[in-house]
Every structure is written in C-alpha cells, then in structure tokens.
file target-v2.cif (mmCIF, C-alpha atoms)
data_run
loop_
_atom_site.label_atom_id
_atom_site.label_comp_id
_atom_site.auth_asym_id
_atom_site.auth_seq_id
_atom_site.Cartn_x
_atom_site.Cartn_y
_atom_site.Cartn_z
CA MET A 25 11.62 0.13 43.28
CA THR A 26 11.77 2.75 40.55
CA THR A 27 11.49 2.00 36.88
CA THR A 28 13.79 3.74 34.48
CA LYS A 29 12.54 4.01 30.93
CA LYS A 30 15.29 3.78 28.33
CA GLU A 31 14.70 4.82 24.76
CA LEU A 32 16.89 5.02 21.73
CA ALA A 33 16.68 8.53 20.36
CA VAL A 34 16.62 8.85 16.58
CA ALA A 35 17.07 12.26 15.05
CA ALA A 36 13.82 13.97 14.19
CA LEU A 37 13.16 14.82 10.57
CA GLU A 38 12.95 18.46 9.63
CA ASN A 39 11.31 17.56 6.30
CA GLY A 40 10.62 14.19 4.76
CA THR A 41 8.54 11.05 5.01
CA VAL A 42 8.16 8.28 7.58
CA ILE A 43 6.77 4.90 6.57
CA ASP A 44 5.53 3.25 9.75
CA ARG A 45 3.96 -0.09 10.65
CA ILE A 46 5.78 -2.12 8.03
CA PRO A 47 5.72 -5.82 8.99
CA SER A 48 9.30 -6.66 10.05
CA GLU A 49 9.60 -9.49 7.52
CA GLN A 50 8.70 -7.06 4.71
CA LEU A 51 10.92 -4.13 5.70
CA PHE A 52 13.90 -4.88 3.48
CA LYS A 53 11.62 -5.77 0.54
CA VAL A 54 10.21 -2.24 0.82
CA VAL A 55 13.74 -0.75 1.00
CA SER A 56 14.81 -2.73 -2.07
CA MET A 57 11.64 -2.11 -4.07
CA LEU A 58 11.85 1.66 -3.51
CA LYS A 59 15.58 1.58 -4.35
CA LEU A 60 16.35 3.62 -1.26
CA ASP A 61 20.00 2.55 -1.49
CA THR A 62 20.35 4.71 -4.62
CA ILE A 63 19.18 8.03 -3.23
CA PRO A 64 21.61 10.43 -1.50
CA ASN A 65 19.14 11.45 1.25
CA SER A 66 19.62 10.58 4.90
CA ILE A 67 17.67 7.38 5.68
CA THR A 68 16.94 5.80 9.05
CA ILE A 69 15.72 2.20 9.15
CA GLY A 70 14.44 0.48 12.28
CA ASN A 71 13.45 -3.18 12.38
CA ASN A 72 11.81 -5.49 14.92
CA LEU A 73 10.55 -2.54 16.94
CA ASN A 74 7.71 -3.11 19.40
CA SER A 75 4.28 -2.23 18.09
CA GLY A 76 1.02 -2.36 20.00
CA LYS A 77 -0.88 -2.82 16.71
CA ILE A 78 1.15 -5.49 14.86
CA GLY A 79 3.57 -6.92 17.44
CA ARG A 80 6.87 -6.25 15.66
CA LYS A 81 7.30 -3.59 13.01
CA GLY A 82 9.73 -1.83 10.78
CA ILE A 83 10.00 1.90 10.14
CA ILE A 84 11.73 3.96 7.45
CA LYS A 85 12.52 7.68 7.73
CA VAL A 86 13.70 9.48 4.60
CA ALA A 87 14.87 13.08 4.89
CA ASP A 88 13.81 15.61 2.26
CA TYR A 89 11.93 13.03 0.18
CA PHE A 90 8.22 12.70 -0.49
CA PHE A 91 6.95 9.51 -2.10
CA ARG A 92 5.00 9.58 -5.37
CA ASP A 93 1.66 7.78 -5.74
CA GLU A 94 3.22 4.95 -7.75
CA GLU A 95 5.73 4.32 -4.93
CA ILE A 96 2.96 4.30 -2.34
CA ASN A 97 1.01 1.80 -4.45
CA LYS A 98 4.06 -0.45 -4.46
CA ILE A 99 4.33 -0.17 -0.68
CA ALA A 100 0.63 -1.09 -0.41
CA LEU A 101 1.28 -4.37 -2.21
CA ILE A 102 3.91 -5.41 0.33
CA ALA A 103 2.74 -3.63 3.49
CA PRO A 104 -0.99 -2.86 3.11
CA ASP A 105 -1.39 -1.75 6.75
CA ALA A 106 1.52 0.70 6.75
CA THR A 107 1.08 4.40 7.46
CA ILE A 108 2.73 7.40 5.86
CA ASN A 109 3.68 10.49 7.86
CA VAL A 110 4.67 13.61 5.92
CA ILE A 111 6.95 15.86 7.97
CA ARG A 112 7.51 19.59 7.41
CA ASP A 113 9.40 21.81 9.86
CA TYR A 114 9.62 18.91 12.35
CA LYS A 115 5.82 18.53 12.46
CA VAL A 116 3.56 15.82 11.05
CA VAL A 117 1.48 17.73 8.51
CA GLN A 118 -0.20 14.69 6.98
CA LYS A 119 -0.72 11.17 8.27
CA TYR A 120 -2.62 8.51 6.41
CA HIS A 121 -3.02 4.78 6.05
CA ILE A 122 -1.87 3.34 2.77
CA THR A 123 -4.72 2.18 0.59
CA LEU A 124 -4.38 -0.04 -2.42
CA HIS A 125 -6.07 1.43 -5.49
CA ASP A 126 -8.59 -0.71 -7.37
CA THR A 127 -6.51 -0.44 -10.57
CA LEU A 128 -2.72 -0.74 -10.60
CA ARG A 129 -0.87 0.56 -13.66
CA GLY A 130 2.75 -0.24 -14.44
CA ILE A 131 3.46 -1.64 -10.98
CA ILE A 132 3.07 -5.41 -11.33
CA ARG A 133 4.60 -7.68 -13.95
CA CYS A 134 2.22 -10.30 -15.37
CA ASN A 135 3.54 -13.80 -14.71
CA ASN A 136 1.89 -15.19 -17.86
CA PRO A 137 4.71 -15.37 -20.45
CA LYS A 138 2.15 -15.24 -23.29
CA CYS A 139 0.46 -12.09 -22.00
CA ILE A 140 0.62 -9.21 -24.48
CA SER A 141 2.08 -6.99 -21.75
CA ASN A 142 5.20 -9.20 -21.75
CA ASN A 143 5.55 -9.20 -25.52
CA GLU A 144 4.71 -5.63 -26.52
CA PRO A 145 5.97 -2.31 -25.14
CA MET A 146 2.96 -1.43 -23.02
CA GLU A 147 2.02 -0.59 -19.46
CA THR A 148 0.62 -3.42 -17.37
CA VAL A 149 -2.83 -2.94 -15.84
CA PHE A 150 -4.16 -5.05 -12.98
CA HIS A 151 -7.45 -4.90 -11.13
CA VAL A 152 -7.60 -5.77 -7.45
CA THR A 153 -10.14 -8.61 -7.32
CA ASN A 154 -9.69 -9.51 -3.65
CA ARG A 155 -8.05 -7.61 -0.80
CA GLN A 156 -7.88 -10.33 1.88
CA PRO A 157 -6.02 -12.37 0.77
CA LEU A 158 -4.71 -10.10 -1.96
CA GLU A 159 -5.42 -11.15 -5.54
CA VAL A 160 -5.01 -9.10 -8.69
CA THR A 161 -6.14 -9.88 -12.24
CA CYS A 162 -4.40 -8.81 -15.46
CA ARG A 163 -6.58 -6.69 -17.72
CA TYR A 164 -5.12 -8.26 -20.87
CA CYS A 165 -4.97 -12.01 -20.21
CA ASN A 166 -7.24 -12.31 -17.14
CA ARG A 167 -4.57 -14.18 -15.18
CA THR A 168 -5.18 -13.89 -11.43
CA ILE A 169 -2.09 -13.54 -9.26
CA THR A 170 -2.02 -14.03 -5.49
CA ALA A 171 0.06 -11.87 -3.13
CA ASN A 172 2.89 -14.38 -2.76
CA LYS A 173 3.32 -14.59 -6.58
CA ILE A 174 3.26 -10.86 -7.34
CA GLU A 175 6.37 -9.51 -9.08
CA ILE A 176 6.90 -5.76 -8.78
CA SER A 177 7.97 -4.07 -12.04
CA GLN A 178 11.33 -2.35 -11.94
#

call {"tool": "encode", "arguments": {"input": "target-v2.cif", "output": "structure tokens"}}
result
Amino acid sequence: MTTTKKELAVAALENGTVIDRIPSEQLFKVVSMLKLDTIPNSITIGNNLNSGKIGRKGIIKVADYFFRDEEINKIALIAPDATINVIRDYKVVQKYHITLHDTLRGIIRCNNPKCISNNEPMETVFHVTNRQPLEVTCRYCNRTITANKIEISQ
C-alpha cells in the first residue's frame, strides 16, 4: 500500500512577515489587535493547523509588511511562544521567538479607574512581574493584572 501525502499549497511570500505558532484560540485576537483588516497588503491566515510543538496552531502571513517592536510586544502578550519569520526575496532572513520585554510602554490599559494613566494624557507603563502565569504591574498605581484581565490599548 502506498501513502500519498496531500498538502495545501499557500503562495510563498516574496517579502513580508510570518507569525507562526500562534495558539489557535488566540489567532483572531492577534488579527484584531494588529488591525490587519485595515491594511491593504495581501494576508494569509491559517487556523487549527497541525503543530508538533503545540498541537494546533494558527499562522499569519503578511506580504510587504514588517512589524514594529510595539506590535511584537502586543503579540507577546497574547501568544508568548509565537515565532516571527522575516522574508526577503522568498528566503527567511531572520527567525526569532517573541520575547516579552520587562517593561511595556503604551501597550496595556490599566484596569484601575483611579489610576493617573486613565485620568491624565500619559503613556501607560507596566512591569512584567511574573511570566508564568503572566502578571504585569502598573508603574503608577501598583495594580497587578493577570493575563486574562489584560486590556490592550488601541
């Protein structure tokens, strides 16, 4: 008996970025958070794909777009084990695991309504106080927020 391997071919990127190893349940949060529906670039989204590392995964390919550090920090909050592949001339020129910085500026909204960052025009600043499970603490009011309560700033 012969085995035939069937694969779905997705067009290769000439230039752009691939976000890989996104947990399937977080994929559309990442799409929404990055506002990928508002950019004119070609975007390929795959969900519930088999992954030897995490079981099921999501993947996002964006043509001719390279994510800024602040966008990568946002991804790290939702998908801390994701990887970024930078593509140039159809080749992966850079591949790295996302890492969450120790200090996050202007990314998270403080959920304390009395915090000065919610009442004055200023950038929020949070310090990562625990990575597993994720917890961040506001520099201004010292409120600690767990991963499931984090609100991403728009």

call {"tool": "residues_around", "arguments": {"input": "target-v2.cif", "residues": "Asn97 (chain A)", "least_positions_apart": "5", "cutoff": "9 Å", "atoms": "only C-alpha atoms", "output": "PyMOL selection string"}}
result
chain A and resi 92+122-125+128+131

call {"tool": "residues_around", "arguments": {"input": "target-v2.cif", "residues": "Ser177 (chain A)", "least_positions_apart": "3", "cutoff": "12 Å", "atoms": "only C-alpha atoms", "output": "list in words"}}
result
Met57, Leu58, Glu94, Glu95, Asn97, Lys98, Leu101, Leu128, Arg129, Gly130, Ile131, Ile132, Arg133, Cys134, Asn135, Ser141, Asn142, Glu147, Thr148, Val149 and Ile174 of chain A

call {"tool": "atom_distance", "arguments": {"input": "target-v2.cif", "atom1": "CA of Arg45 (chain A)", "atom2": "CA of Lys77 (chain A)"}}
result
8.2 Å

call {"tool": "resolve_selection", "arguments": {"input": "target-v2.cif", "expression": "the PyMOL selection byres ((chain A and resi 119) around 12)", "output": "list in words"}}
result
Thr41, Val42, Ile43, Asp44, Ala106, Thr107, Ile108, Asn109, Val110, Ile111, Arg112, Lys115, Val116, Val117, Gln118, Tyr120, His121 and Ile122 of chain A

call {"tool": "closest_atom_pairs", "arguments": {"input": "target-v2.cif", "of": "region 87-143 of chain A", "to": "region 151-167 of chain A", "cutoff": "6 Å", "atoms": "only C-alpha atoms", "output": "tab-separated table"}}
result
residue	atom	partner	partner_atom	distance
A:Asp126	CA	A:Val152	CA	5.2
A:Thr127	CA	A:His151	CA	4.6
A:Cys139	CA	A:Cys165	CA	5.7

call {"tool": "residues_around", "arguments": {"input": "target-v2.cif", "residues": "Asn71 (chain A)", "least_positions_apart": "3", "cutoff": "10 Å", "atoms": "all atoms listed in the file", "output": "list in words"}}
result
Ile46, Pro47, Ser48, Glu49, Gln50, Leu51, Phe52, Asn74, Arg80, Lys81, Gly82, Ile83 and Ile84 of chain A

call {"tool": "atom_distance", "arguments": {"input": "target-v2.cif", "atom1": "CA of Ala171 (chain A)", "atom2": "CA of Leu60 (chain A)"}}
result
22.6 Å

call {"tool": "resolve_selection", "arguments": {"input": "target-v2.cif", "expression": "the PyMOL selection byres ((chain A and resi 88) around 9)", "output": "list of chain:residue names"}}
result
A:Leu37, A:Glu38, A:Asn39, A:Gly40, A:Thr41, A:Asn65, A:Ser66, A:Val86, A:Ala87, A:Tyr89, A:Phe90, A:Ile111

call {"tool": "atom_distance", "arguments": {"input": "target-v2.cif", "atom1": "CA of Ser75 (chain A)", "atom2": "CA of Asp105 (chain A)"}}
result
12.7 Å

call {"tool": "build_atoms", "arguments": {"input": "target-v2.cif", "residues": "region 122-145 of chain A", "atoms": "N, CA and C atoms", "output": "PDB file, in the coordinates of the input"}}
result
ATOM      1  N   ILE A 122      -2.017   3.681   4.180  1.00  0.00           N
ATOM      2  CA  ILE A 122      -1.870   3.340   2.770  1.00  0.00           C
ATOM      3  C   ILE A 122      -3.115   2.589   2.327  1.00  0.00           C
ATOM      4  N   THR A 123      -3.605   2.935   1.165  1.00  0.00           N
ATOM      5  CA  THR A 123      -4.720   2.180   0.590  1.00  0.00           C
ATOM      6  C   THR A 123      -4.322   1.740  -0.815  1.00  0.00           C
ATOM      7  N   LEU A 124      -4.674   0.535  -1.115  1.00  0.00           N
ATOM      8  CA  LEU A 124      -4.380  -0.040  -2.420  1.00  0.00           C
ATOM      9  C   LEU A 124      -5.477   0.390  -3.383  1.00  0.00           C
ATOM     10  N   HIS A 125      -5.099   1.010  -4.486  1.00  0.00           N
ATOM     11  CA  HIS A 125      -6.070   1.430  -5.490  1.00  0.00           C
ATOM     12  C   HIS A 125      -6.722   0.220  -6.142  1.00  0.00           C
ATOM     13  N   ASP A 126      -7.888   0.390  -6.703  1.00  0.00           N
ATOM     14  CA  ASP A 126      -8.590  -0.710  -7.370  1.00  0.00           C
ATOM     15  C   ASP A 126      -7.900  -1.117  -8.667  1.00  0.00           C
ATOM     16  N   THR A 127      -7.238  -0.167  -9.329  1.00  0.00           N
ATOM     17  CA  THR A 127      -6.510  -0.440 -10.570  1.00  0.00           C
ATOM     18  C   THR A 127      -5.054  -0.054 -10.376  1.00  0.00           C
ATOM     19  N   LEU A 128      -4.163  -0.957 -10.758  1.00  0.00           N
ATOM     20  CA  LEU A 128      -2.720  -0.740 -10.600  1.00  0.00           C
ATOM     21  C   LEU A 128      -2.081  -0.723 -11.989  1.00  0.00           C
ATOM     22  N   ARG A 129      -1.467   0.385 -12.338  1.00  0.00           N
ATOM     23  CA  ARG A 129      -0.870   0.560 -13.660  1.00  0.00           C
ATOM     24  C   ARG A 129       0.654   0.600 -13.570  1.00  0.00           C
ATOM     25  N   GLY A 130       1.296  -0.258 -14.336  1.00  0.00           N
ATOM     26  CA  GLY A 130       2.750  -0.240 -14.440  1.00  0.00           C
ATOM     27  C   GLY A 130       3.496  -0.628 -13.179  1.00  0.00           C
ATOM     28  N   ILE A 131       2.829  -1.293 -12.254  1.00  0.00           N
ATOM     29  CA  ILE A 131       3.460  -1.640 -10.980  1.00  0.00           C
ATOM     30  C   ILE A 131       3.811  -3.118 -10.901  1.00  0.00           C
ATOM     31  N   ILE A 132       2.910  -3.955 -11.429  1.00  0.00           N
ATOM     32  CA  ILE A 132       3.070  -5.410 -11.330  1.00  0.00           C
ATOM     33  C   ILE A 132       3.413  -5.960 -12.702  1.00  0.00           C
ATOM     34  N   ARG A 133       4.266  -6.963 -12.725  1.00  0.00           N
ATOM     35  CA  ARG A 133       4.600  -7.680 -13.950  1.00  0.00           C
ATOM     36  C   ARG A 133       3.688  -8.898 -14.033  1.00  0.00           C
ATOM     37  N   CYS A 134       3.077  -9.129 -15.187  1.00  0.00           N
ATOM     38  CA  CYS A 134       2.220 -10.300 -15.370  1.00  0.00           C
ATOM     39  C   CYS A 134       3.107 -11.546 -15.434  1.00  0.00           C
ATOM     40  N   ASN A 135       2.721 -12.590 -14.715  1.00  0.00           N
ATOM     41  CA  ASN A 135       3.540 -13.800 -14.710  1.00  0.00           C
ATOM     42  C   ASN A 135       3.121 -14.795 -15.791  1.00  0.00           C
ATOM     43  N   ASN A 136       2.259 -14.367 -16.713  1.00  0.00           N
ATOM     44  CA  ASN A 136       1.890 -15.190 -17.860  1.00  0.00           C
ATOM     45  C   ASN A 136       2.832 -14.814 -19.012  1.00  0.00           C
ATOM     46  N   PRO A 137       3.744 -15.717 -19.402  1.00  0.00           N
ATOM     47  CA  PRO A 137       4.710 -15.370 -20.450  1.00  0.00           C
ATOM     48  C   PRO A 137       4.056 -15.040 -21.793  1.00  0.00           C
ATOM     49  N   LYS A 138       2.838 -15.505 -22.026  1.00  0.00           N
ATOM     50  CA  LYS A 138       2.150 -15.240 -23.290  1.00  0.00           C
ATOM     51  C   LYS A 138       1.315 -13.964 -23.262  1.00  0.00           C
ATOM     52  N   CYS A 139       1.242 -13.319 -22.112  1.00  0.00           N
ATOM     53  CA  CYS A 139       0.460 -12.090 -22.000  1.00  0.00           C
ATOM     54  C   CYS A 139       1.054 -11.019 -22.923  1.00  0.00           C
ATOM     55  N   ILE A 140       0.178 -10.263 -23.568  1.00  0.00           N
ATOM     56  CA  ILE A 140       0.620  -9.210 -24.480  1.00  0.00           C
ATOM     57  C   ILE A 140       1.510  -8.191 -23.772  1.00  0.00           C
ATOM     58  N   SER A 141       1.272  -7.978 -22.482  1.00  0.00           N
ATOM     59  CA  SER A 141       2.080  -6.990 -21.750  1.00  0.00           C
ATOM     60  C   SER A 141       3.536  -7.421 -21.593  1.00  0.00           C
ATOM     61  N   ASN A 142       3.820  -8.707 -21.793  1.00  0.00           N
ATOM     62  CA  ASN A 142       5.200  -9.200 -21.750  1.00  0.00           C
ATOM     63  C   ASN A 142       5.833  -9.275 -23.128  1.00  0.00           C
ATOM     64  N   ASN A 143       5.045  -9.033 -24.155  1.00  0.00           N
ATOM     65  CA  ASN A 143       5.550  -9.200 -25.520  1.00  0.00           C
ATOM     66  C   ASN A 143       5.442  -7.938 -26.369  1.00  0.00           C
ATOM     67  N   GLU A 144       4.834  -6.915 -25.831  1.00  0.00           N
ATOM     68  CA  GLU A 144       4.710  -5.630 -26.520  1.00  0.00           C
ATOM     69  C   GLU A 144       5.092  -4.525 -25.542  1.00  0.00           C
ATOM     70  N   PRO A 145       5.614  -3.414 -26.050  1.00  0.00           N
ATOM     71  CA  PRO A 145       5.970  -2.310 -25.140  1.00  0.00           C
ATOM     72  C   PRO A 145       4.704  -1.579 -24.671  1.00  0.00           C
TER      73      PRO A 145
END
